[in-house]
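Asks: Below is data-v3.tsv; it holds TSV, C-alpha atoms.
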```tsv
chain	number	residue	atom	x	y	z
A	1	MET	CA	6.00	10.92	114.43
A	2	ARG	CA	7.46	9.66	117.67
A	3	ILE	CA	9.38	6.39	117.84
A	4	VAL	CA	8.71	4.66	121.15
A	5	VAL	CA	11.10	1.95	122.31
A	6	THR	CA	10.05	-0.70	124.81
A	7	GLY	CA	12.11	-3.65	126.03
A	8	SER	CA	14.87	-4.55	128.43
A	9	LEU	CA	17.44	-2.22	129.98
A	10	ALA	CA	20.40	-3.87	131.63
A	11	PHE	CA	24.01	-3.69	132.70
A	12	ASP	CA	26.40	-6.26	131.27
A	13	TYR	CA	29.27	-7.24	133.56
A	14	ILE	CA	31.97	-8.75	131.34
A	15	MET	CA	34.72	-10.76	133.10
A	16	ASP	CA	37.73	-12.66	131.75
A	17	PHE	CA	39.11	-15.76	133.48
A	18	PRO	CA	42.76	-16.42	132.50
A	19	GLY	CA	42.47	-20.22	132.73
A	20	TYR	CA	40.07	-22.98	131.72
A	21	PHE	CA	36.90	-23.74	133.65
A	22	LYS	CA	37.34	-27.47	132.99
A	23	ASP	CA	40.58	-27.51	135.00
A	24	HIS	CA	38.62	-26.56	138.11
A	25	MET	CA	35.66	-28.90	137.75
A	26	LEU	CA	35.59	-32.25	139.54
A	27	MET	CA	32.89	-34.28	137.86
A	28	GLU	CA	32.88	-36.84	140.67
A	29	LYS	CA	31.99	-33.96	143.04
A	30	GLN	CA	29.37	-32.26	140.87
A	31	HIS	CA	26.62	-33.09	143.37
A	32	MET	CA	28.19	-30.50	145.71
A	33	LEU	CA	29.71	-28.03	143.25
A	34	SER	CA	31.37	-25.02	144.86
A	35	VAL	CA	33.84	-23.17	142.66
A	36	SER	CA	35.24	-19.64	142.67
A	37	PHE	CA	37.08	-18.06	139.74
A	38	LEU	CA	39.51	-15.17	140.18
A	39	VAL	CA	39.11	-13.00	137.07
A	40	ASP	CA	41.65	-10.70	135.46
A	41	SER	CA	39.28	-7.94	134.42
A	42	MET	CA	35.72	-6.74	134.66
A	43	LYS	CA	33.85	-4.13	132.66
A	44	ARG	CA	30.36	-2.83	133.23
A	45	LEU	CA	28.73	-1.97	129.93
A	46	ARG	CA	25.40	-0.37	129.16
A	47	GLY	CA	23.04	-2.80	127.46
A	48	GLY	CA	19.57	-4.22	127.22
A	49	VAL	CA	17.74	-4.38	123.91
A	50	ALA	CA	15.76	-1.16	124.40
A	51	GLY	CA	18.82	0.81	125.46
A	52	ASN	CA	20.80	-0.42	122.46
A	53	ILE	CA	18.01	0.35	119.99
A	54	ALA	CA	17.42	3.84	121.40
A	55	TYR	CA	21.15	4.63	121.34
A	56	ASN	CA	21.43	3.63	117.68
A	57	LEU	CA	18.32	5.62	116.79
A	58	ALA	CA	19.92	8.66	118.40
A	59	LEU	CA	23.07	8.17	116.32
A	60	LEU	CA	20.83	8.12	113.25
A	61	GLY	CA	19.33	11.47	114.18
A	62	GLU	CA	16.13	10.38	115.94
A	63	ARG	CA	14.98	11.31	119.44
A	64	PRO	CA	13.16	8.19	120.65
A	65	LEU	CA	11.01	7.91	123.75
A	66	MET	CA	11.90	5.01	126.02
A	67	VAL	CA	9.30	3.11	128.08
A	68	GLY	CA	10.19	0.56	130.75
A	69	THR	CA	11.38	-0.04	134.30
A	70	VAL	CA	14.82	0.53	135.79
A	71	GLY	CA	16.51	0.17	139.15
A	72	GLN	CA	17.96	2.50	141.75
A	73	ASP	CA	21.39	2.18	140.11
A	74	PHE	CA	20.29	3.61	136.75
A	75	ARG	CA	21.23	7.29	137.21
A	76	ASP	CA	24.47	7.26	135.19
A	77	TYR	CA	22.86	5.21	132.43
A	78	ARG	CA	19.93	7.65	132.28
A	79	GLU	CA	22.33	10.60	132.02
A	80	TRP	CA	24.17	8.83	129.20
A	81	LEU	CA	20.95	8.33	127.24
A	82	GLU	CA	19.77	11.88	127.81
A	83	SER	CA	23.16	13.26	126.74
A	84	HIS	CA	22.43	11.72	123.34
A	85	GLY	CA	19.00	13.36	123.14
A	86	ILE	CA	16.95	10.32	124.13
A	87	ASP	CA	13.70	10.95	126.01
A	88	THR	CA	13.80	8.87	129.21
A	89	SER	CA	10.60	10.29	130.70
A	90	GLY	CA	8.86	6.96	130.12
A	91	LEU	CA	11.32	5.04	132.31
A	92	VAL	CA	10.02	4.27	135.80
A	93	GLU	CA	12.46	3.62	138.65
A	94	ILE	CA	11.53	0.71	140.92
A	95	PRO	CA	12.51	1.49	144.54
A	96	ASN	CA	14.95	-0.89	146.25
A	97	GLU	CA	15.59	-2.81	143.04
A	98	PHE	CA	18.56	-3.06	140.73
A	99	THR	CA	18.50	-2.62	136.98
A	100	ALA	CA	18.54	-5.97	135.20
A	101	SER	CA	22.10	-7.31	135.18
A	102	CYS	CA	23.94	-9.95	133.18
A	103	PHE	CA	27.18	-11.38	134.58
A	104	ILE	CA	29.32	-13.08	131.94
A	105	ASN	CA	32.57	-14.89	132.84
A	106	THR	CA	34.59	-16.17	129.86
A	107	ASP	CA	37.61	-18.50	130.01
A	108	ARG	CA	40.50	-18.89	127.55
A	109	ALA	CA	38.53	-21.40	125.45
A	110	ASN	CA	35.63	-18.92	125.16
A	111	ASN	CA	33.47	-21.04	127.43
A	112	GLN	CA	31.07	-18.89	129.40
A	113	ILE	CA	29.31	-19.02	132.74
A	114	VAL	CA	26.42	-16.56	132.72
A	115	ALA	CA	24.05	-15.37	135.44
A	116	PHE	CA	21.17	-13.03	134.61
A	117	TYR	CA	19.18	-11.14	137.21
A	118	PRO	CA	16.02	-9.51	135.79
A	119	GLY	CA	15.65	-7.07	138.68
A	120	ALA	CA	13.52	-4.07	137.76
A	121	MET	CA	12.68	-5.59	134.37
A	122	SER	CA	10.29	-7.93	136.19
A	123	TYR	CA	7.97	-4.94	136.62
A	124	ASP	CA	7.79	-3.98	132.93
A	125	HIS	CA	4.28	-5.40	132.60
A	126	GLN	CA	3.00	-2.77	135.05
A	127	ILE	CA	3.87	0.05	132.65
A	128	SER	CA	1.20	1.23	130.22
A	129	LEU	CA	1.36	3.03	126.86
A	130	VAL	CA	-2.16	4.39	127.26
A	131	ASP	CA	-1.31	7.72	128.93
A	132	LEU	CA	1.52	8.71	126.57
A	133	GLY	CA	-0.75	10.47	124.10
A	134	LEU	CA	0.33	8.25	121.21
A	135	THR	CA	-1.54	8.28	117.92
A	136	SER	CA	-1.64	6.36	114.67
A	137	GLN	CA	1.13	8.65	113.44
A	138	ASP	CA	3.60	7.22	115.97
A	139	LEU	CA	5.56	3.95	115.89
A	140	VAL	CA	6.16	1.57	118.82
A	141	LEU	CA	8.96	-0.99	118.97
A	142	ILE	CA	7.99	-4.01	121.05
A	143	SER	CA	11.32	-5.66	121.77
A	144	PRO	CA	12.34	-8.40	124.23
A	145	THR	CA	11.29	-8.02	127.85
A	146	THR	CA	8.96	-10.14	129.98
A	147	PRO	CA	6.28	-12.09	128.06
A	148	GLU	CA	3.55	-10.34	130.07
A	149	ALA	CA	4.86	-6.89	129.08
A	150	ILE	CA	5.22	-7.88	125.42
A	151	ALA	CA	1.59	-9.01	125.35
A	152	ARG	CA	0.35	-5.90	127.16
A	153	TYR	CA	2.12	-3.47	124.82
A	154	ALA	CA	0.83	-5.33	121.75
A	155	LEU	CA	-2.76	-5.30	123.02
A	156	GLU	CA	-2.59	-1.61	123.93
A	157	CYS	CA	-1.20	-0.71	120.50
A	158	GLN	CA	-4.05	-2.65	118.90
A	159	GLN	CA	-6.64	-0.93	121.06
A	160	LEU	CA	-5.19	2.54	120.38
A	161	GLY	CA	-4.58	1.96	116.66
A	162	ILE	CA	-0.81	2.54	116.98
A	163	PRO	CA	1.43	0.79	114.42
A	164	TYR	CA	4.14	-1.34	115.97
A	165	ILE	CA	7.15	-3.48	115.15
A	166	PHE	CA	7.01	-6.90	116.80
A	167	ASP	CA	10.51	-8.09	117.74
A	168	PRO	CA	10.31	-11.06	120.14
A	169	GLY	CA	14.01	-11.79	119.57
A	170	LYS	CA	15.82	-13.46	122.43
A	171	GLN	CA	12.54	-13.97	124.29
A	172	SER	CA	11.19	-16.24	121.56
A	173	PRO	CA	11.99	-19.41	123.55
A	174	ARG	CA	9.97	-18.10	126.54
A	175	LEU	CA	6.94	-16.98	124.55
A	176	ASP	CA	4.12	-19.47	124.21
A	177	ALA	CA	1.87	-19.65	121.16
A	178	GLU	CA	-0.69	-17.30	122.71
A	179	HIS	CA	1.89	-14.53	123.28
A	180	ILE	CA	3.13	-14.85	119.71
A	181	HIS	CA	-0.42	-14.75	118.33
A	182	ILE	CA	-1.11	-11.57	120.30
A	183	GLY	CA	2.05	-9.92	119.00
A	184	LEU	CA	1.32	-10.85	115.40
A	185	LYS	CA	-2.33	-9.83	115.42
A	186	GLY	CA	-1.82	-6.10	114.88
A	187	ALA	CA	1.86	-5.85	113.97
A	188	LYS	CA	2.91	-3.66	111.05
A	189	VAL	CA	6.37	-5.25	110.97
A	190	PHE	CA	7.60	-8.62	112.25
A	191	ILE	CA	11.35	-9.16	112.62
A	192	GLY	CA	13.58	-11.99	113.79
A	193	ASN	CA	16.49	-14.14	112.70
A	194	ASP	CA	16.00	-17.30	110.67
A	195	TYR	CA	16.40	-19.56	113.73
A	196	GLU	CA	13.80	-17.62	115.72
A	197	PHE	CA	11.31	-17.84	112.86
A	198	GLY	CA	11.79	-21.60	112.70
A	199	MET	CA	11.17	-21.87	116.44
A	200	MET	CA	8.05	-19.70	116.35
A	201	ALA	CA	6.62	-21.49	113.31
A	202	ARG	CA	6.90	-24.77	115.19
A	203	LYS	CA	5.18	-23.33	118.27
A	204	LEU	CA	2.36	-21.99	116.12
A	205	GLU	CA	2.15	-25.24	114.15
A	206	MET	CA	2.41	-23.49	110.79
A	207	SER	CA	4.94	-23.25	108.00
A	208	GLU	CA	7.51	-20.45	107.94
A	209	ALA	CA	5.96	-19.24	104.67
A	210	ASP	CA	2.58	-18.85	106.39
A	211	LEU	CA	4.27	-17.11	109.30
A	212	PHE	CA	5.92	-14.61	106.94
A	213	ALA	CA	2.52	-13.90	105.39
A	214	SER	CA	0.81	-13.25	108.74
A	215	VAL	CA	2.10	-9.65	108.92
A	216	PRO	CA	2.26	-6.96	106.19
A	217	LEU	CA	6.05	-6.63	106.41
A	218	THR	CA	8.36	-9.41	107.64
A	219	VAL	CA	12.13	-9.10	108.03
A	220	VAL	CA	14.35	-12.15	108.38
A	221	THR	CA	17.97	-11.53	109.40
A	222	ARG	CA	20.55	-14.16	108.45
A	223	GLY	CA	23.86	-12.95	109.85
A	224	GLU	CA	26.63	-12.83	107.26
A	225	ALA	CA	24.11	-13.83	104.56
A	226	GLY	CA	22.31	-10.49	104.92
A	227	SER	CA	18.56	-10.20	105.37
A	228	GLN	CA	15.33	-10.69	103.49
A	229	ILE	CA	12.23	-8.50	103.51
A	230	TYR	CA	8.83	-9.97	102.69
A	231	VAL	CA	5.69	-8.00	101.83
A	232	ASP	CA	2.46	-9.93	102.39
A	233	GLY	CA	4.47	-13.15	102.40
A	234	ARG	CA	6.30	-12.50	99.12
A	235	LEU	CA	10.03	-11.81	98.99
A	236	ALA	CA	10.37	-8.12	98.12
A	237	ALA	CA	14.06	-7.40	98.77
A	238	GLU	CA	17.35	-9.18	99.38
A	239	ILE	CA	19.49	-6.96	101.59
A	240	PRO	CA	23.26	-7.50	101.51
A	241	THR	CA	25.51	-6.90	104.49
A	242	ALA	CA	27.62	-3.75	104.47
A	243	PRO	CA	31.42	-4.19	104.34
A	244	VAL	CA	32.91	-4.57	107.83
A	245	ARG	CA	36.34	-3.11	108.56
A	246	GLU	CA	36.95	-5.53	111.43
A	247	VAL	CA	34.66	-7.97	113.22
A	248	VAL	CA	35.25	-7.17	116.89
A	249	ASP	CA	32.00	-8.12	118.61
A	250	PRO	CA	28.72	-9.09	116.90
A	251	THR	CA	26.76	-8.56	120.12
A	252	GLY	CA	24.28	-5.75	119.63
A	253	ALA	CA	24.33	-5.87	115.83
A	254	GLY	CA	20.71	-7.02	115.72
A	255	ASP	CA	19.61	-4.10	117.89
A	256	ALA	CA	21.45	-1.64	115.66
A	257	TYR	CA	19.82	-3.25	112.61
A	258	LEU	CA	16.38	-2.81	114.19
A	259	ALA	CA	17.10	0.87	114.84
A	260	GLY	CA	17.89	1.40	111.17
A	261	LEU	CA	14.80	-0.54	110.16
A	262	ALA	CA	12.59	1.52	112.47
A	263	LEU	CA	13.98	4.75	111.07
A	264	GLY	CA	13.17	3.68	107.51
A	265	ILE	CA	9.68	2.51	108.47
A	266	ALA	CA	8.96	5.71	110.40
A	267	HIS	CA	9.92	7.84	107.40
A	268	ASP	CA	8.21	5.60	104.84
A	269	LEU	CA	11.43	4.99	102.91
A	270	PRO	CA	11.63	2.39	100.13
A	271	ILE	CA	12.05	-1.14	101.43
A	272	ALA	CA	15.48	-1.71	99.87
A	273	THR	CA	16.77	1.61	101.23
A	274	THR	CA	15.40	0.83	104.69
A	275	GLY	CA	17.16	-2.55	104.70
A	276	ARG	CA	20.46	-1.04	103.63
A	277	ILE	CA	20.34	1.62	106.35
A	278	ALA	CA	19.68	-1.16	108.87
A	279	ALA	CA	22.55	-3.28	107.53
A	280	LEU	CA	25.01	-0.40	107.75
A	281	ALA	CA	23.90	0.52	111.29
A	282	ALA	CA	24.62	-3.08	112.31
A	283	THR	CA	28.10	-2.87	110.78
A	284	PHE	CA	29.13	0.02	113.03
A	285	ALA	CA	28.06	-1.99	116.10
A	286	ILE	CA	30.08	-5.04	114.99
A	287	GLU	CA	33.27	-2.99	114.80
A	288	GLU	CA	33.37	-2.17	118.54
A	289	ARG	CA	33.19	-4.29	121.70
A	290	GLY	CA	30.01	-3.52	123.60
A	291	CYS	CA	26.58	-2.55	122.37
A	292	GLN	CA	26.82	1.21	122.92
A	293	GLU	CA	30.54	1.84	122.53
A	294	HIS	CA	30.47	2.72	118.82
A	295	SER	CA	29.79	6.21	117.54
A	296	TYR	CA	29.64	8.04	114.24
A	297	THR	CA	28.54	11.33	112.75
A	298	ARG	CA	25.74	11.37	110.24
A	299	GLU	CA	28.25	12.64	107.69
A	300	ALA	CA	30.38	9.52	108.28
A	301	PHE	CA	27.29	7.32	108.02
A	302	ALA	CA	26.32	8.96	104.72
A	303	GLU	CA	29.79	8.46	103.28
A	304	ARG	CA	29.92	4.77	104.20
A	305	TYR	CA	26.41	4.28	102.86
A	306	ARG	CA	27.47	5.81	99.55
A	307	SER	CA	30.62	3.68	99.44
A	308	ALA	CA	28.85	0.44	100.40
A	309	PHE	CA	25.77	0.69	98.21
A	310	GLY	CA	26.62	3.17	95.46
A	311	GLU	CA	23.72	5.49	96.22
A	312	GLU	CA	22.98	8.55	98.33
A	313	LEU	CA	21.16	8.57	101.64
A	314	PRO	CA	17.57	9.80	101.37
A	315	ALA	CA	16.88	13.43	102.18
A	316	ILE	CA	14.97	13.08	105.46
A	317	ALA	CA	15.13	15.26	108.53
A	318	ALA	CA	17.07	12.70	110.57
A	319	PHE	CA	19.93	12.92	108.09
A	320	ALA	CA	19.80	16.68	107.69
A	321	ALA	CA	23.36	17.07	108.94
A	322	ALA	CA	24.62	14.48	106.46
A	323	VAL	CA	22.95	15.27	103.14
```
Is it possible to express this structure as structure tokens?
Replies:
Amino acid sequence: MRIVVTGSLAFDYIMDFPGYFKDHMLMEKQHMLSVSFLVDSMKRLRGGVAGNIAYNLALLGERPLMVGTVGQDFRDYREWLESHGIDTSGLVEIPNEFTASCFINTDRANNQIVAFYPGAMSYDHQISLVDLGLTSQDLVLISPTTPEAIARYALECQQLGIPYIFDPGKQSPRLDAEHIHIGLKGAKVFIGNDYEFGMMARKLEMSEADLFASVPLTVVTRGEAGSQIYVDGRLAAEIPTAPVREVVDPTGAGDAYLAGLALGIAHDLPIATTGRIAALAATFAIEERGCQEHSYTREAFAERYRSAFGEELPAIAAFAAAV
């Protein structure tokens, strides 16, 4: 089985402003706002939902195939992914374009000014899954990118009989009811946080209970409250969070969770075990700043799994070095 990861790839530019934005805003002049902030630091971090998911899958012992569009500035990022055994052959470089970029400036009160440039991601809908030789034995992750690309990948998976995980995530506000219907129609797994499910249920004019029942397996993440897994609309497992040594940065935890979930689904593991692997993968991401700055051996993952949940990791090929 191949795990195929679609979705956004981006650079995150993280900047810190040593003062307060409010001290530099003149409300009586807001009709002609022109402000410049001198920042103390800037870091460029690898990100994007697809990149984060693929990286976490690689840590878990998988070798996912990535599909999407990137810019002319992606070379170092590509080398990073490939150095972790990730197949980037499905990534298409768009000439004279930059990889999607998010610029985040944060002041001392944790207020943020954010600018996002989609760049090469705007071309995701031009990429097809049809010529990848995928079969019903493979698994596709449809994660946030442009609404047009999300719909295309879902329709192609349905036409080819390929099981897929539908993860609209941060794109939920941009998706209209038609896009959501398309994604749900053939999904094997539907995942989102409790707020996103509420939003989508309203768009579809149905109850959350009916939304949960629209897909064979539904996963609802609830932050510190853990997650819930529904089978055919019925609650099948309550998944606790794994103990966190230190909460440094929750950004990227959801992507790490999805990687663990995909691994369990791909290997047909029990639902409760799958959820616990996902929860622990998220914990490692929370303990470092940045979405791909954490790392662990499979031996370390196995030990923390045993300590957190009082059971052994399953004996699957991905964990061969740890069990």
Asks: With only C-alpha atoms as the atoms that count, which of A:Val130, A:Phe116, A:Gly68, A:Ala50 lies nearest to Gly169 (chain A)?
Replies: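 Looking at the shortest contact to Gly169 (chain A), the residue is A:Ala50.
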Asks: Quick one: residues within 12 Å of Glu293 (chain A), only C-alpha atoms, excluding same-chain residues fewer than 2 positions away - as a PyMOL selection string?
Replies: chain A and resi 44-47+52+55-56+59+80+248-249+251-253+256+284-291+295-296
Asks: Take the point (-1.8, 7.5, 114.4) as written in the file and pick out every residue within 9 Å of it, counting only C-alpha atoms; give the list as a list in words.
Replies: Met1, Leu134, Thr135, Ser136, Gln137, Asp138, Leu139, Leu160, Gly161, Ile162 and Pro163 of chain A
Asks: Just C-alpha atoms for this one: save the residues we selected as a JSON list (two decimals), in the coordinates of the input.
Replies:
```
[["chain", "number", "residue", "atom", "x", "y", "z"],
["A", 1, "MET", "CA", 6.00, 10.92, 114.43],
["A", 134, "LEU", "CA", 0.33, 8.25, 121.21],
["A", 135, "THR", "CA", -1.54, 8.28, 117.92],
["A", 136, "SER", "CA", -1.64, 6.36, 114.67],
["A", 137, "GLN", "CA", 1.13, 8.65, 113.44],
["A", 138, "ASP", "CA", 3.60, 7.22, 115.97],
["A", 139, "LEU", "CA", 5.56, 3.95, 115.89],
["A", 160, "LEU", "CA", -5.19, 2.54, 120.38],
["A", 161, "GLY", "CA", -4.58, 1.96, 116.66],
["A", 162, "ILE", "CA", -0.81, 2.54, 116.98],
["A", 163, "PRO", "CA", 1.43, 0.79, 114.42]]
```
Asks: List every protein, DNA or RNA residue that has an atom no more than 10 Å from (8.6, 7.9, 108.6) in the file's coordinate frame, counting only C-alpha atoms, and report them as a ChimeraX atom specification.
Replies: /A:1-3,137-139,262-269,316-318
Asks: Would you work out the distance separating CA of Ala242 (chain A) from CA of Arg298 (chain A), expressed in Å to one decimal?
Replies: 16.3 Å
Asks: Just checking: using all atoms listed in the file, which residue out of A:Val220, A:Ala237, A:Ala177, A:Met15 ends up closest to Arg202 (chain A)?
Replies: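 Using all atoms listed in the file, the shortest distance to Arg202 (chain A) belongs to A:Ala177.
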Asks: As an exercise, work out the distance from CA of Thr99 (chain A) to CA of His181 (chain A) in Å and give it to one decimal place.
Replies: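 Spanning CA of Thr99 (chain A) to CA of His181 (chain A) is a straight-line distance of 29.2 Å.
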Asks: Could you tell me how far CA of Ile271 (chain A) lies from CA of Met206 (chain A), in Å and to one decimal?
Replies: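 These two atoms are separated by 26.1 Å.
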Asks: Between A:Ser8, A:Thr106, A:Leu57, A:Leu204, single out the one closest to Asp40 (chain A), counting all atoms listed in the file.
Replies: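 Using all atoms listed in the file, Asp40 (chain A) sits closest to A:Thr106.
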Asks: Considering only C-alpha atoms, can you say which of A:Asp12, A:Asp167, A:Glu82, A:Glu62 comes closest to Cys102 (chain A)?
Replies: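 Once distances to Cys102 (chain A) are computed over only C-alpha atoms, the minimum belongs to A:Asp12.
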Asks: Fewer than 2 positions away in the same chain doesn't count, so skip those; otherwise give me all residues within 6 Å of region 92-94 of chain A, counting all atoms listed in the file, as a list in words.
Replies: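 Listed by chain and then number, they are Thr69, Val70, Gly71 and Glu97 of chain A.
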Asks: Could you check the closest approach to Ala154 (chain A) for each of A:Thr6, A:Asn110, A:Leu280, A:Leu26 and tell me which residue wins, using all atoms listed in the file?
Replies: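 Of A:Thr6, A:Asn110, A:Leu280, A:Leu26, the one nearest Ala154 (chain A), counting all atoms listed in the file, is A:Thr6.
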Asks: Identify which of the residues A:Val4, A:Arg78, A:Ala259, A:Met200 lies closest to Gly133 (chain A), counting only C-alpha atoms when measuring atom-to-atom distances.
Replies: A:Val4
Asks: Write out as a list in words which residues come within 10 Å of Ser172 (chain A) when counting only C-alpha atoms, dropping same-chain ones fewer than 2 positions away.
Replies: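 Listed by chain and then number, they are Pro144, Pro147, Asp167, Pro168, Gly169, Lys170, Arg174, Leu175, Asp176, Ala177, His179, Ile180, Gly192, Tyr195, Glu196, Phe197, Met199, Met200 and Lys203 of chain A.
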